[in-house]
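Notes to accompany the following structure.
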Amino acid sequence: MTSLTISKLSKSFKARKRVTVIDELDLRVEDGELLVLLGPSGCGKTTALRCISGLEVPDRGSIRFDDTAVFDSDSDVNTPPERRSIGVVFQSYALWPHMTVRKNIEYPLRRRGLKSKIAQGWVDEAARLVDCVNLLDRYPAQLSGGQQQRVALARGLVARPDLVLFDEPLSNLDTRLRDAVRSELHELHRSLGFTGVFVTHDQGEAFALGSRMAIMRSGAIDQIGTPQEVYERPRTEYVADFIGLTNALDVRRDGDAERVFGLPLTGRSLLRGHTAAARVRLRPTDIDLAPPGTVAHDVSSFPATVVDMTYGGRHLDVMVDVDGHRLHAQIPAGDAGSWQRDLEVGDAVAGRFAPEAARLYDPDGAWISTPAAEGVLA
């Protein structure tokens, strides 16, 4: 195992004009930690991974494995990828089609001059870890997508590298298989304790796999913390939106009242005593719906109109209009004949949520760190 330290790392590409992809990135990954880099396409996460691996050369900064620099612009150090003691698992699997599974897994050992480890059974051990021993004599074309990904994992681990890098390795799998391989990878990390960096745009993968997660924006880190810290306390509106608080409500104080967009907010106050206005973020599961006129003083309520609804098995996905703005509520489906099953487009409803579920942000997208007010609106 090893630690990874990235200091003031920058990388730009020149097309018609120079574009900065990594901007003064600072990052520390501890021994045995699996850190997830999470963010949308173009945020710089894959470029950061390629810089760590040596497949891209940064413009400036440093990358250290423990106390050893593998890249340092000031000292003119740039260790080639094959000498960095890393394993890489690619999105595309990148298996050699003319080689058997055994030869594919062996490849990093031969590349690094570790042929003696083949005789010591390292290939069979790596195959056993990912449950593909029975595939060793097959070729990649004879394997399913899930089997190919297991082989790619074995190849990334076979040389027992100091650091394992994962570049969206589950994105080409179907949903059921992706969940299964994700669980296996989590167990594998727990049992082996390798240090890893995992790149993904999928928040479910990030929460399931990460010891910590770093949400990237424009080549820098917006927030870093444990999955629980990021889930419960997103520090910026950008992070909140990316991790699933996709409903955005503009709430402002109007005398003794509060309004969501232009409509009255009733029940519990969101803003009283804290701020005159805020952007409020909520997850779809945080919003409940009730018949119009329903009175409940323990939640915040607003009038809405149903504009679309889809059946999701145990839940209903309902899109509602609030003064010209769309919100997404995911509510229990209920039993056949229940109130929510009879909802139709155009129906008036009351949208409701607990103030504790809301996250408030200022106009610059910064978190307003004040508890929800306990007062009840008139």
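Following the order of the structure tokens, first chain is A, next is B, and so on, with residues numbered from 1 inside each chain and ligands from 1 in the order they appear.
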Please provide as an mmCIF file with C-alpha atoms, in the first residue's frame all residues within 12 Å of A:Asp254, with the sequence filter that same-chain residues fewer than 4 positions apart are discarded (counting only C-alpha atoms).
```cif
data_model
loop_
_atom_site.group_PDB
_atom_site.id
_atom_site.type_symbol
_atom_site.label_atom_id
_atom_site.label_comp_id
_atom_site.auth_asym_id
_atom_site.auth_seq_id
_atom_site.Cartn_x
_atom_site.Cartn_y
_atom_site.Cartn_z
ATOM 1 C CA GLU A 258 -42.815 33.336 2.999
ATOM 2 C CA ARG A 259 -43.231 32.556 -0.662
ATOM 3 C CA VAL A 260 -41.920 29.738 -2.837
ATOM 4 C CA PHE A 261 -41.493 31.328 -6.231
ATOM 5 C CA GLY A 262 -44.630 33.508 -6.248
ATOM 6 C CA LEU A 263 -46.910 31.248 -4.186
ATOM 7 C CA PRO A 264 -47.492 31.201 -0.417
ATOM 8 C CA LEU A 265 -45.547 28.772 1.784
ATOM 9 C CA SER A 269 -41.026 28.488 8.301
ATOM 10 C CA LEU A 271 -36.284 31.489 6.575
ATOM 11 C CA ARG A 272 -37.616 33.261 9.652
ATOM 12 C CA THR A 275 -32.149 35.160 5.874
ATOM 13 C CA ALA A 276 -34.495 37.142 3.636
ATOM 14 C CA ALA A 277 -34.196 34.777 0.664
ATOM 15 C CA LEU A 377 -46.230 30.686 9.297
ATOM 16 C CA ALA A 378 -49.507 32.467 9.597
#
```
To test your reading of the structure, identify every residue in stretch 149-375 of chain A that backbone DSSP assigns to helix (DSSP H, G or I), and report it as number ranges by chain.
A: 149-157, 175-192, 203-209, 227-232, 237-242, 284-286, 340-342, 355-357
Could you pull the residues within 7 Å of stretch 212-221 of chain A, counting only C-alpha atoms, minus those fewer than 3 positions along the same chain, as a list in words?
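Close residues of stretch 212-221 of chain A: Val21, Ile22, Asp23, Leu25, Leu34, Leu35, Val36, Leu37, Leu38, Gly39, Cys43, Gly44, Lys45, Ala206, Ile224, Gly225, Thr226, Pro227 and Val239 of chain A.
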Set the distance at 6 Å and use only C-alpha atoms: which residues neighbour stretch 167-172 of chain A once local chain neighbours fewer than 5 positions away are removed? I'd like the list as an MDAnalysis selection string.
chainID A and resid 90:91 178 199:200
Ranking A:Gln149, A:His186, A:Ser338, A:Arg128 by minimum distance to A:Ser92 and counting only C-alpha atoms, which one comes first?
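Comparing A:Gln149, A:His186, A:Ser338, A:Arg128 against A:Ser92, the winner is A:Gln149.
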Could you give me, as a PDB file with all heavy atoms, in the first residue's frame, each residue of stretch 28-199 of chain A that DSSP assigns to strand (DSSP E) when run on this structure's backbone?
```pdb
ATOM      1  N   ARG A  28      -5.044  14.444  -1.259  1.00  0.00           N
ATOM      2  CA  ARG A  28      -4.308  13.453  -0.477  1.00  0.00           C
ATOM      3  C   ARG A  28      -5.161  12.198  -0.353  1.00  0.00           C
ATOM      4  O   ARG A  28      -6.316  12.257   0.050  1.00  0.00           O
ATOM      5  CB  ARG A  28      -3.997  14.014   0.908  1.00  0.00           C
ATOM      6  CG  ARG A  28      -3.460  13.023   1.926  1.00  0.00           C
ATOM      7  CD  ARG A  28      -1.991  12.775   1.770  1.00  0.00           C
ATOM      8  NE  ARG A  28      -1.503  11.845   2.802  1.00  0.00           N
ATOM      9  CZ  ARG A  28      -0.255  11.432   2.910  1.00  0.00           C
ATOM     10  NH1 ARG A  28       0.659  11.868   2.044  1.00  0.00           N
ATOM     11  NH2 ARG A  28       0.112  10.600   3.858  1.00  0.00           N
ATOM     12  N   VAL A  29      -4.583  11.045  -0.717  1.00  0.00           N
ATOM     13  CA  VAL A  29      -5.233   9.747  -0.578  1.00  0.00           C
ATOM     14  C   VAL A  29      -4.389   8.933   0.389  1.00  0.00           C
ATOM     15  O   VAL A  29      -3.201   8.708   0.144  1.00  0.00           O
ATOM     16  CB  VAL A  29      -5.364   9.019  -1.926  1.00  0.00           C
ATOM     17  CG1 VAL A  29      -6.144   7.722  -1.755  1.00  0.00           C
ATOM     18  CG2 VAL A  29      -6.048   9.914  -2.965  1.00  0.00           C
ATOM     19  N   LEU A  34      -9.868   4.105  -0.601  1.00  0.00           N
ATOM     20  CA  LEU A  34     -10.401   4.165  -1.961  1.00  0.00           C
ATOM     21  C   LEU A  34     -11.117   5.504  -2.094  1.00  0.00           C
ATOM     22  O   LEU A  34     -12.197   5.714  -1.535  1.00  0.00           O
ATOM     23  CB  LEU A  34     -11.367   3.014  -2.237  1.00  0.00           C
ATOM     24  CG  LEU A  34     -11.959   2.958  -3.656  1.00  0.00           C
ATOM     25  CD1 LEU A  34     -10.855   2.857  -4.700  1.00  0.00           C
ATOM     26  CD2 LEU A  34     -12.925   1.786  -3.799  1.00  0.00           C
ATOM     27  N   LEU A  35     -10.481   6.427  -2.790  1.00  0.00           N
ATOM     28  CA  LEU A  35     -11.043   7.751  -2.993  1.00  0.00           C
ATOM     29  C   LEU A  35     -11.764   7.800  -4.329  1.00  0.00           C
ATOM     30  O   LEU A  35     -11.215   7.379  -5.342  1.00  0.00           O
ATOM     31  CB  LEU A  35      -9.954   8.822  -2.962  1.00  0.00           C
ATOM     32  CG  LEU A  35     -10.510  10.234  -3.150  1.00  0.00           C
ATOM     33  CD1 LEU A  35     -10.741  10.890  -1.800  1.00  0.00           C
ATOM     34  CD2 LEU A  35      -9.604  11.080  -4.004  1.00  0.00           C
ATOM     35  N   VAL A  36     -12.983   8.317  -4.334  1.00  0.00           N
ATOM     36  CA  VAL A  36     -13.773   8.439  -5.563  1.00  0.00           C
ATOM     37  C   VAL A  36     -13.740   9.880  -6.040  1.00  0.00           C
ATOM     38  O   VAL A  36     -14.046  10.800  -5.277  1.00  0.00           O
ATOM     39  CB  VAL A  36     -15.223   7.987  -5.340  1.00  0.00           C
ATOM     40  CG1 VAL A  36     -16.048   8.214  -6.599  1.00  0.00           C
ATOM     41  CG2 VAL A  36     -15.280   6.522  -4.941  1.00  0.00           C
ATOM     42  N   LEU A  37     -13.336  10.078  -7.295  1.00  0.00           N
ATOM     43  CA  LEU A  37     -13.457  11.377  -7.954  1.00  0.00           C
ATOM     44  C   LEU A  37     -14.779  11.378  -8.704  1.00  0.00           C
ATOM     45  O   LEU A  37     -14.980  10.597  -9.639  1.00  0.00           O
ATOM     46  CB  LEU A  37     -12.297  11.608  -8.926  1.00  0.00           C
ATOM     47  CG  LEU A  37     -10.895  11.763  -8.334  1.00  0.00           C
ATOM     48  CD1 LEU A  37      -9.876  11.983  -9.449  1.00  0.00           C
ATOM     49  CD2 LEU A  37     -10.847  12.909  -7.334  1.00  0.00           C
ATOM     50  N   LEU A  38     -15.680  12.254  -8.296  1.00  0.00           N
ATOM     51  CA  LEU A  38     -17.038  12.283  -8.826  1.00  0.00           C
ATOM     52  C   LEU A  38     -17.295  13.623  -9.493  1.00  0.00           C
ATOM     53  O   LEU A  38     -16.921  14.674  -8.973  1.00  0.00           O
ATOM     54  CB  LEU A  38     -18.034  12.075  -7.675  1.00  0.00           C
ATOM     55  CG  LEU A  38     -19.522  12.148  -7.987  1.00  0.00           C
ATOM     56  CD1 LEU A  38     -19.950  10.983  -8.863  1.00  0.00           C
ATOM     57  CD2 LEU A  38     -20.332  12.166  -6.689  1.00  0.00           C
ATOM     58  N   ARG A  60       2.368  21.631 -14.523  1.00  0.00           N
ATOM     59  CA  ARG A  60       3.138  21.973 -13.323  1.00  0.00           C
ATOM     60  C   ARG A  60       2.502  21.275 -12.118  1.00  0.00           C
ATOM     61  O   ARG A  60       1.398  20.755 -12.199  1.00  0.00           O
ATOM     62  CB  ARG A  60       3.196  23.484 -13.103  1.00  0.00           C
ATOM     63  CG  ARG A  60       1.849  24.162 -12.956  1.00  0.00           C
ATOM     64  CD  ARG A  60       1.979  25.665 -12.894  1.00  0.00           C
ATOM     65  NE  ARG A  60       0.672  26.320 -12.814  1.00  0.00           N
ATOM     66  CZ  ARG A  60      -0.073  26.620 -13.852  1.00  0.00           C
ATOM     67  NH1 ARG A  60       0.347  26.305 -15.075  1.00  0.00           N
ATOM     68  NH2 ARG A  60      -1.247  27.214 -13.699  1.00  0.00           N
ATOM     69  N   GLY A  61       3.231  21.321 -10.984  1.00  0.00           N
ATOM     70  CA  GLY A  61       2.774  20.678  -9.762  1.00  0.00           C
ATOM     71  C   GLY A  61       3.589  19.441  -9.457  1.00  0.00           C
ATOM     72  O   GLY A  61       4.638  19.195 -10.069  1.00  0.00           O
ATOM     73  N   SER A  62       3.087  18.643  -8.525  1.00  0.00           N
ATOM     74  CA  SER A  62       3.800  17.424  -8.149  1.00  0.00           C
ATOM     75  C   SER A  62       2.830  16.312  -7.786  1.00  0.00           C
ATOM     76  O   SER A  62       1.704  16.572  -7.346  1.00  0.00           O
ATOM     77  CB  SER A  62       4.757  17.692  -6.971  1.00  0.00           C
ATOM     78  OG  SER A  62       4.024  17.990  -5.789  1.00  0.00           O
ATOM     79  N   ILE A  63       3.302  15.064  -7.979  1.00  0.00           N
ATOM     80  CA  ILE A  63       2.564  13.862  -7.600  1.00  0.00           C
ATOM     81  C   ILE A  63       3.539  12.971  -6.849  1.00  0.00           C
ATOM     82  O   ILE A  63       4.626  12.669  -7.358  1.00  0.00           O
ATOM     83  CB  ILE A  63       2.010  13.112  -8.824  1.00  0.00           C
ATOM     84  CG1 ILE A  63       1.094  14.022  -9.648  1.00  0.00           C
ATOM     85  CG2 ILE A  63       1.271  11.849  -8.402  1.00  0.00           C
ATOM     86  CD1 ILE A  63       0.695  13.431 -11.000  1.00  0.00           C
ATOM     87  N   ARG A  64       3.167  12.551  -5.637  1.00  0.00           N
ATOM     88  CA  ARG A  64       4.055  11.723  -4.829  1.00  0.00           C
ATOM     89  C   ARG A  64       3.352  10.450  -4.386  1.00  0.00           C
ATOM     90  O   ARG A  64       2.191  10.493  -3.970  1.00  0.00           O
ATOM     91  CB  ARG A  64       4.549  12.494  -3.594  1.00  0.00           C
ATOM     92  CG  ARG A  64       5.453  13.658  -3.937  1.00  0.00           C
ATOM     93  CD  ARG A  64       5.961  14.391  -2.693  1.00  0.00           C
ATOM     94  NE  ARG A  64       6.881  15.452  -3.087  1.00  0.00           N
ATOM     95  CZ  ARG A  64       8.184  15.283  -3.278  1.00  0.00           C
ATOM     96  NH1 ARG A  64       8.731  14.082  -3.067  1.00  0.00           N
ATOM     97  NH2 ARG A  64       8.952  16.293  -3.664  1.00  0.00           N
ATOM     98  N   PHE A  65       4.070   9.338  -4.492  1.00  0.00           N
ATOM     99  CA  PHE A  65       3.649   8.080  -3.896  1.00  0.00           C
ATOM    100  C   PHE A  65       4.462   7.936  -2.616  1.00  0.00           C
ATOM    101  O   PHE A  65       5.691   7.804  -2.672  1.00  0.00           O
ATOM    102  CB  PHE A  65       3.921   6.901  -4.824  1.00  0.00           C
ATOM    103  CG  PHE A  65       3.097   6.892  -6.090  1.00  0.00           C
ATOM    104  CD1 PHE A  65       3.285   5.897  -7.040  1.00  0.00           C
ATOM    105  CD2 PHE A  65       2.133   7.848  -6.336  1.00  0.00           C
ATOM    106  CE1 PHE A  65       2.539   5.870  -8.210  1.00  0.00           C
ATOM    107  CE2 PHE A  65       1.379   7.834  -7.504  1.00  0.00           C
ATOM    108  CZ  PHE A  65       1.584   6.836  -8.445  1.00  0.00           C
ATOM    109  N   THR A  68       8.000   9.600  -2.391  1.00  0.00           N
ATOM    110  CA  THR A  68       8.730   9.557  -3.659  1.00  0.00           C
ATOM    111  C   THR A  68       7.960  10.305  -4.743  1.00  0.00           C
ATOM    112  O   THR A  68       6.797   9.991  -5.021  1.00  0.00           O
ATOM    113  CB  THR A  68       8.962   8.099  -4.109  1.00  0.00           C
ATOM    114  OG1 THR A  68       9.682   7.403  -3.093  1.00  0.00           O
ATOM    115  CG2 THR A  68       9.747   8.057  -5.411  1.00  0.00           C
ATOM    116  N   ALA A  69       8.604  11.266  -5.367  1.00  0.00           N
ATOM    117  CA  ALA A  69       7.971  12.018  -6.449  1.00  0.00           C
ATOM    118  C   ALA A  69       7.989  11.192  -7.729  1.00  0.00           C
ATOM    119  O   ALA A  69       9.035  10.701  -8.150  1.00  0.00           O
ATOM    120  CB  ALA A  69       8.696  13.333  -6.673  1.00  0.00           C
ATOM    121  N   VAL A  70       6.805  11.020  -8.337  1.00  0.00           N
ATOM    122  CA  VAL A  70       6.743  10.404  -9.663  1.00  0.00           C
ATOM    123  C   VAL A  70       6.552  11.488 -10.725  1.00  0.00           C
ATOM    124  O   VAL A  70       6.767  11.251 -11.909  1.00  0.00           O
ATOM    125  CB  VAL A  70       5.626   9.346  -9.757  1.00  0.00           C
ATOM    126  CG1 VAL A  70       5.924   8.171  -8.824  1.00  0.00           C
ATOM    127  CG2 VAL A  70       4.254   9.951  -9.435  1.00  0.00           C
ATOM    128  N   PHE A  71       6.141  12.675 -10.263  1.00  0.00           N
ATOM    129  CA  PHE A  71       6.130  13.847 -11.137  1.00  0.00           C
ATOM    130  C   PHE A  71       6.382  15.079 -10.281  1.00  0.00           C
ATOM    131  O   PHE A  71       5.780  15.252  -9.213  1.00  0.00           O
ATOM    132  CB  PHE A  71       4.804  14.017 -11.875  1.00  0.00           C
ATOM    133  CG  PHE A  71       4.758  15.279 -12.696  1.00  0.00           C
ATOM    134  CD1 PHE A  71       5.339  15.304 -13.960  1.00  0.00           C
ATOM    135  CD2 PHE A  71       4.191  16.447 -12.194  1.00  0.00           C
ATOM    136  CE1 PHE A  71       5.350  16.485 -14.704  1.00  0.00           C
ATOM    137  CE2 PHE A  71       4.186  17.617 -12.938  1.00  0.00           C
ATOM    138  CZ  PHE A  71       4.778  17.634 -14.198  1.00  0.00           C
ATOM    139  N   ASP A  72       7.279  15.930 -10.741  1.00  0.00           N
ATOM    140  CA  ASP A  72       7.552  17.199 -10.069  1.00  0.00           C
ATOM    141  C   ASP A  72       8.092  18.166 -11.107  1.00  0.00           C
ATOM    142  O   ASP A  72       9.198  17.988 -11.619  1.00  0.00           O
ATOM    143  CB  ASP A  72       8.556  17.007  -8.930  1.00  0.00           C
ATOM    144  CG  ASP A  72       8.660  18.244  -8.043  1.00  0.00           C
ATOM    145  OD1 ASP A  72       8.600  19.363  -8.581  1.00  0.00           O
ATOM    146  OD2 ASP A  72       8.787  18.083  -6.816  1.00  0.00           O
ATOM    147  N   VAL A  77      11.062  15.905 -12.714  1.00  0.00           N
ATOM    148  CA  VAL A  77      10.870  14.469 -12.510  1.00  0.00           C
ATOM    149  C   VAL A  77       9.597  14.031 -13.219  1.00  0.00           C
ATOM    150  O   VAL A  77       8.547  14.664 -13.057  1.00  0.00           O
ATOM    151  CB  VAL A  77      10.770  14.127 -11.008  1.00  0.00           C
ATOM    152  CG1 VAL A  77      10.380  12.668 -10.808  1.00  0.00           C
ATOM    153  CG2 VAL A  77      12.077  14.435 -10.300  1.00  0.00           C
ATOM    154  N   ASN A  78       9.671  12.961 -14.006  1.00  0.00           N
ATOM    155  CA  ASN A  78       8.491  12.397 -14.656  1.00  0.00           C
ATOM    156  C   ASN A  78       8.726  10.911 -14.869  1.00  0.00           C
ATOM    157  O   ASN A  78       9.222  10.485 -15.906  1.00  0.00           O
ATOM    158  CB  ASN A  78       8.189  13.095 -15.981  1.00  0.00           C
ATOM    159  CG  ASN A  78       6.888  12.609 -16.593  1.00  0.00           C
ATOM    160  OD1 ASN A  78       6.018  12.092 -15.907  1.00  0.00           O
ATOM    161  ND2 ASN A  78       6.760  12.757 -17.905  1.00  0.00           N
ATOM    162  N   ILE A  86       1.618   0.961 -10.546  1.00  0.00           N
ATOM    163  CA  ILE A  86       0.179   1.195 -10.533  1.00  0.00           C
ATOM    164  C   ILE A  86      -0.520   0.095 -11.314  1.00  0.00           C
ATOM    165  O   ILE A  86       0.055  -0.548 -12.190  1.00  0.00           O
ATOM    166  CB  ILE A  86      -0.185   2.558 -11.149  1.00  0.00           C
ATOM    167  CG1 ILE A  86       0.350   2.650 -12.591  1.00  0.00           C
ATOM    168  CG2 ILE A  86       0.324   3.702 -10.290  1.00  0.00           C
ATOM    169  CD1 ILE A  86      -0.110   3.872 -13.340  1.00  0.00           C
ATOM    170  N   GLY A  87      -1.781  -0.127 -10.971  1.00  0.00           N
ATOM    171  CA  GLY A  87      -2.662  -0.948 -11.783  1.00  0.00           C
ATOM    172  C   GLY A  87      -3.781  -0.068 -12.297  1.00  0.00           C
ATOM    173  O   GLY A  87      -4.253   0.808 -11.567  1.00  0.00           O
ATOM    174  N   VAL A  88      -4.177  -0.260 -13.549  1.00  0.00           N
ATOM    175  CA  VAL A  88      -5.225   0.578 -14.145  1.00  0.00           C
ATOM    176  C   VAL A  88      -6.337  -0.319 -14.687  1.00  0.00           C
ATOM    177  O   VAL A  88      -6.064  -1.293 -15.406  1.00  0.00           O
ATOM    178  CB  VAL A  88      -4.670   1.463 -15.286  1.00  0.00           C
ATOM    179  CG1 VAL A  88      -5.771   2.377 -15.813  1.00  0.00           C
ATOM    180  CG2 VAL A  88      -3.480   2.294 -14.801  1.00  0.00           C
ATOM    181  N   VAL A  89      -7.571  -0.001 -14.328  1.00  0.00           N
ATOM    182  CA  VAL A  89      -8.744  -0.699 -14.852  1.00  0.00           C
ATOM    183  C   VAL A  89      -9.524   0.306 -15.683  1.00  0.00           C
ATOM    184  O   VAL A  89     -10.050   1.293 -15.155  1.00  0.00           O
ATOM    185  CB  VAL A  89      -9.618  -1.266 -13.723  1.00  0.00           C
ATOM    186  CG1 VAL A  89     -10.795  -2.050 -14.309  1.00  0.00           C
ATOM    187  CG2 VAL A  89      -8.793  -2.151 -12.802  1.00  0.00           C
ATOM    188  N   LEU A 163      -0.747   1.327  -6.065  1.00  0.00           N
ATOM    189  CA  LEU A 163      -1.934   2.152  -6.281  1.00  0.00           C
ATOM    190  C   LEU A 163      -2.732   1.580  -7.441  1.00  0.00           C
ATOM    191  O   LEU A 163      -2.162   1.221  -8.470  1.00  0.00           O
ATOM    192  CB  LEU A 163      -1.502   3.591  -6.597  1.00  0.00           C
ATOM    193  CG  LEU A 163      -2.577   4.637  -6.854  1.00  0.00           C
ATOM    194  CD1 LEU A 163      -3.369   4.921  -5.573  1.00  0.00           C
ATOM    195  CD2 LEU A 163      -1.950   5.931  -7.371  1.00  0.00           C
ATOM    196  N   VAL A 164      -4.069   1.464  -7.274  1.00  0.00           N
ATOM    197  CA  VAL A 164      -4.945   0.972  -8.332  1.00  0.00           C
ATOM    198  C   VAL A 164      -5.853   2.120  -8.783  1.00  0.00           C
ATOM    199  O   VAL A 164      -6.489   2.782  -7.956  1.00  0.00           O
ATOM    200  CB  VAL A 164      -5.800  -0.220  -7.870  1.00  0.00           C
ATOM    201  CG1 VAL A 164      -6.606  -0.782  -9.051  1.00  0.00           C
ATOM    202  CG2 VAL A 164      -4.929  -1.317  -7.265  1.00  0.00           C
ATOM    203  N   LEU A 165      -5.893   2.364 -10.090  1.00  0.00           N
ATOM    204  CA  LEU A 165      -6.683   3.445 -10.670  1.00  0.00           C
ATOM    205  C   LEU A 165      -7.829   2.857 -11.478  1.00  0.00           C
ATOM    206  O   LEU A 165      -7.619   1.962 -12.307  1.00  0.00           O
ATOM    207  CB  LEU A 165      -5.804   4.326 -11.559  1.00  0.00           C
ATOM    208  CG  LEU A 165      -4.526   4.870 -10.916  1.00  0.00           C
ATOM    209  CD1 LEU A 165      -3.707   5.659 -11.935  1.00  0.00           C
ATOM    210  CD2 LEU A 165      -4.850   5.744  -9.706  1.00  0.00           C
ATOM    211  N   PHE A 166      -9.031   3.379 -11.267  1.00  0.00           N
ATOM    212  CA  PHE A 166     -10.234   2.873 -11.935  1.00  0.00           C
ATOM    213  C   PHE A 166     -10.861   4.011 -12.738  1.00  0.00           C
ATOM    214  O   PHE A 166     -11.280   5.020 -12.168  1.00  0.00           O
ATOM    215  CB  PHE A 166     -11.248   2.366 -10.911  1.00  0.00           C
ATOM    216  CG  PHE A 166     -10.764   1.254 -10.026  1.00  0.00           C
ATOM    217  CD1 PHE A 166     -10.105   1.534  -8.837  1.00  0.00           C
ATOM    218  CD2 PHE A 166     -10.982  -0.073 -10.376  1.00  0.00           C
ATOM    219  CE1 PHE A 166      -9.664   0.509  -8.009  1.00  0.00           C
ATOM    220  CE2 PHE A 166     -10.552  -1.100  -9.554  1.00  0.00           C
ATOM    221  CZ  PHE A 166      -9.887  -0.810  -8.365  1.00  0.00           C
ATOM    222  N   ASP A 167     -10.939   3.840 -14.058  1.00  0.00           N
ATOM    223  CA  ASP A 167     -11.506   4.871 -14.930  1.00  0.00           C
ATOM    224  C   ASP A 167     -12.897   4.451 -15.393  1.00  0.00           C
ATOM    225  O   ASP A 167     -13.061   3.819 -16.432  1.00  0.00           O
ATOM    226  CB  ASP A 167     -10.585   5.114 -16.127  1.00  0.00           C
ATOM    227  CG  ASP A 167     -11.046   6.278 -16.993  1.00  0.00           C
ATOM    228  OD1 ASP A 167     -11.960   7.015 -16.561  1.00  0.00           O
ATOM    229  OD2 ASP A 167     -10.502   6.456 -18.092  1.00  0.00           O
ATOM    230  N   THR A 195      -4.734   0.802  -1.942  1.00  0.00           N
ATOM    231  CA  THR A 195      -5.011   2.224  -2.124  1.00  0.00           C
ATOM    232  C   THR A 195      -5.531   2.432  -3.544  1.00  0.00           C
ATOM    233  O   THR A 195      -4.953   1.902  -4.498  1.00  0.00           O
ATOM    234  CB  THR A 195      -3.736   3.064  -1.917  1.00  0.00           C
ATOM    235  OG1 THR A 195      -3.175   2.745  -0.642  1.00  0.00           O
ATOM    236  CG2 THR A 195      -4.043   4.550  -1.975  1.00  0.00           C
ATOM    237  N   GLY A 196      -6.617   3.166  -3.693  1.00  0.00           N
ATOM    238  CA  GLY A 196      -7.196   3.307  -5.024  1.00  0.00           C
ATOM    239  C   GLY A 196      -7.815   4.674  -5.261  1.00  0.00           C
ATOM    240  O   GLY A 196      -8.195   5.380  -4.321  1.00  0.00           O
ATOM    241  N   VAL A 197      -7.887   5.039  -6.536  1.00  0.00           N
ATOM    242  CA  VAL A 197      -8.616   6.226  -6.981  1.00  0.00           C
ATOM    243  C   VAL A 197      -9.610   5.755  -8.032  1.00  0.00           C
ATOM    244  O   VAL A 197      -9.222   5.128  -9.026  1.00  0.00           O
ATOM    245  CB  VAL A 197      -7.680   7.300  -7.559  1.00  0.00           C
ATOM    246  CG1 VAL A 197      -8.496   8.508  -8.041  1.00  0.00           C
ATOM    247  CG2 VAL A 197      -6.644   7.737  -6.526  1.00  0.00           C
ATOM    248  N   PHE A 198     -10.875   6.047  -7.829  1.00  0.00           N
ATOM    249  CA  PHE A 198     -11.965   5.543  -8.666  1.00  0.00           C
ATOM    250  C   PHE A 198     -12.694   6.737  -9.271  1.00  0.00           C
ATOM    251  O   PHE A 198     -13.229   7.583  -8.548  1.00  0.00           O
ATOM    252  CB  PHE A 198     -12.916   4.712  -7.800  1.00  0.00           C
ATOM    253  CG  PHE A 198     -13.957   3.937  -8.551  1.00  0.00           C
ATOM    254  CD1 PHE A 198     -13.840   2.568  -8.727  1.00  0.00           C
ATOM    255  CD2 PHE A 198     -15.092   4.566  -9.059  1.00  0.00           C
ATOM    256  CE1 PHE A 198     -14.818   1.838  -9.398  1.00  0.00           C
ATOM    257  CE2 PHE A 198     -16.060   3.848  -9.744  1.00  0.00           C
ATOM    258  CZ  PHE A 198     -15.920   2.480  -9.905  1.00  0.00           C
ATOM    259  N   VAL A 199     -12.707   6.823 -10.587  1.00  0.00           N
ATOM    260  CA  VAL A 199     -13.366   7.918 -11.302  1.00  0.00           C
ATOM    261  C   VAL A 199     -14.749   7.470 -11.760  1.00  0.00           C
ATOM    262  O   VAL A 199     -14.905   6.382 -12.338  1.00  0.00           O
ATOM    263  CB  VAL A 199     -12.522   8.352 -12.519  1.00  0.00           C
ATOM    264  CG1 VAL A 199     -13.370   9.145 -13.506  1.00  0.00           C
ATOM    265  CG2 VAL A 199     -11.326   9.184 -12.064  1.00  0.00           C
TER     266      VAL A 199
END
```
Determine, counting only C-alpha atoms, which protein, DNA and RNA residues have an atom within 9 Å of an atom of A:Ile118; residues of the same chain fewer than 5 positions away are not included. Present the result as a list of chain:residue names.
A:Glu106, A:Leu109, A:Arg110, A:Val123, A:Asp124
Skipping near chain neighbours, those fewer than 5 positions away, what residues fall within 12 Å of A:Gln120 using only C-alpha atoms, listed as number ranges by chain?
A: 106, 109, 114-115, 125-126, 158-159
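Closest approach to A:Asp74 among A:Ala48, A:Tyr93, A:Lys117, A:Leu9: A:Leu9, based on only C-alpha atoms.
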Between atom CA of A:Val280 and atom CA of A:Asp250, what is the distance, to one decimal in Å?
6.2 Å
With only C-alpha atoms as the atoms that count, which of A:Gly54, A:Pro140, A:Gly145, A:Gly210 lies nearest to A:Ile105?
A:Pro140
Let me make sure I understand: among A:Gly121, A:Ser183, A:Thr79, A:Ser211, which one has the smallest atom-to-atom distance to A:Glu30 if we use only C-alpha atoms?
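Of all the options, A:Ser211 lies closest to A:Glu30.
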Do you have, as a Markdown table, the list of residues of stretch 226-268 of chain A lying at most 8 Å from stretch 359-366 of chain A, each with its nearest atom pair and that distance in Å to one decimal, counting only C-alpha atoms and ordered by chain then number?
```
| residue | atom | partner | partner_atom | distance |
| --- | --- | --- | --- | --- |
| A:Arg235 | CA | A:Ala366 | CA | 6.5 |
| A:Thr236 | CA | A:Ala366 | CA | 4.8 |
| A:Glu237 | CA | A:Gly365 | CA | 4.8 |
| A:Tyr238 | CA | A:Gly365 | CA | 7.0 |
```
Which is closest to A:His189 among A:Asp335, A:Phe302, A:Asp342, A:Met1, if we use only C-alpha atoms?
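Selected residue with least distance to A:His189: A:Met1.
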Taking only C-alpha atoms into account, which of A:Ala296, A:Gly42, A:Leu157, A:Leu177 comes nearest A:Val19?
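Smallest separation from A:Val19 among the options: A:Gly42.
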Surrounding residues of A:Leu135 excluding itself and chain neighbours under 4 positions, 9 Å, only C-alpha atoms, as a PyMOL selection string
chain A and resi 100-102+127+131+139+143+147+151
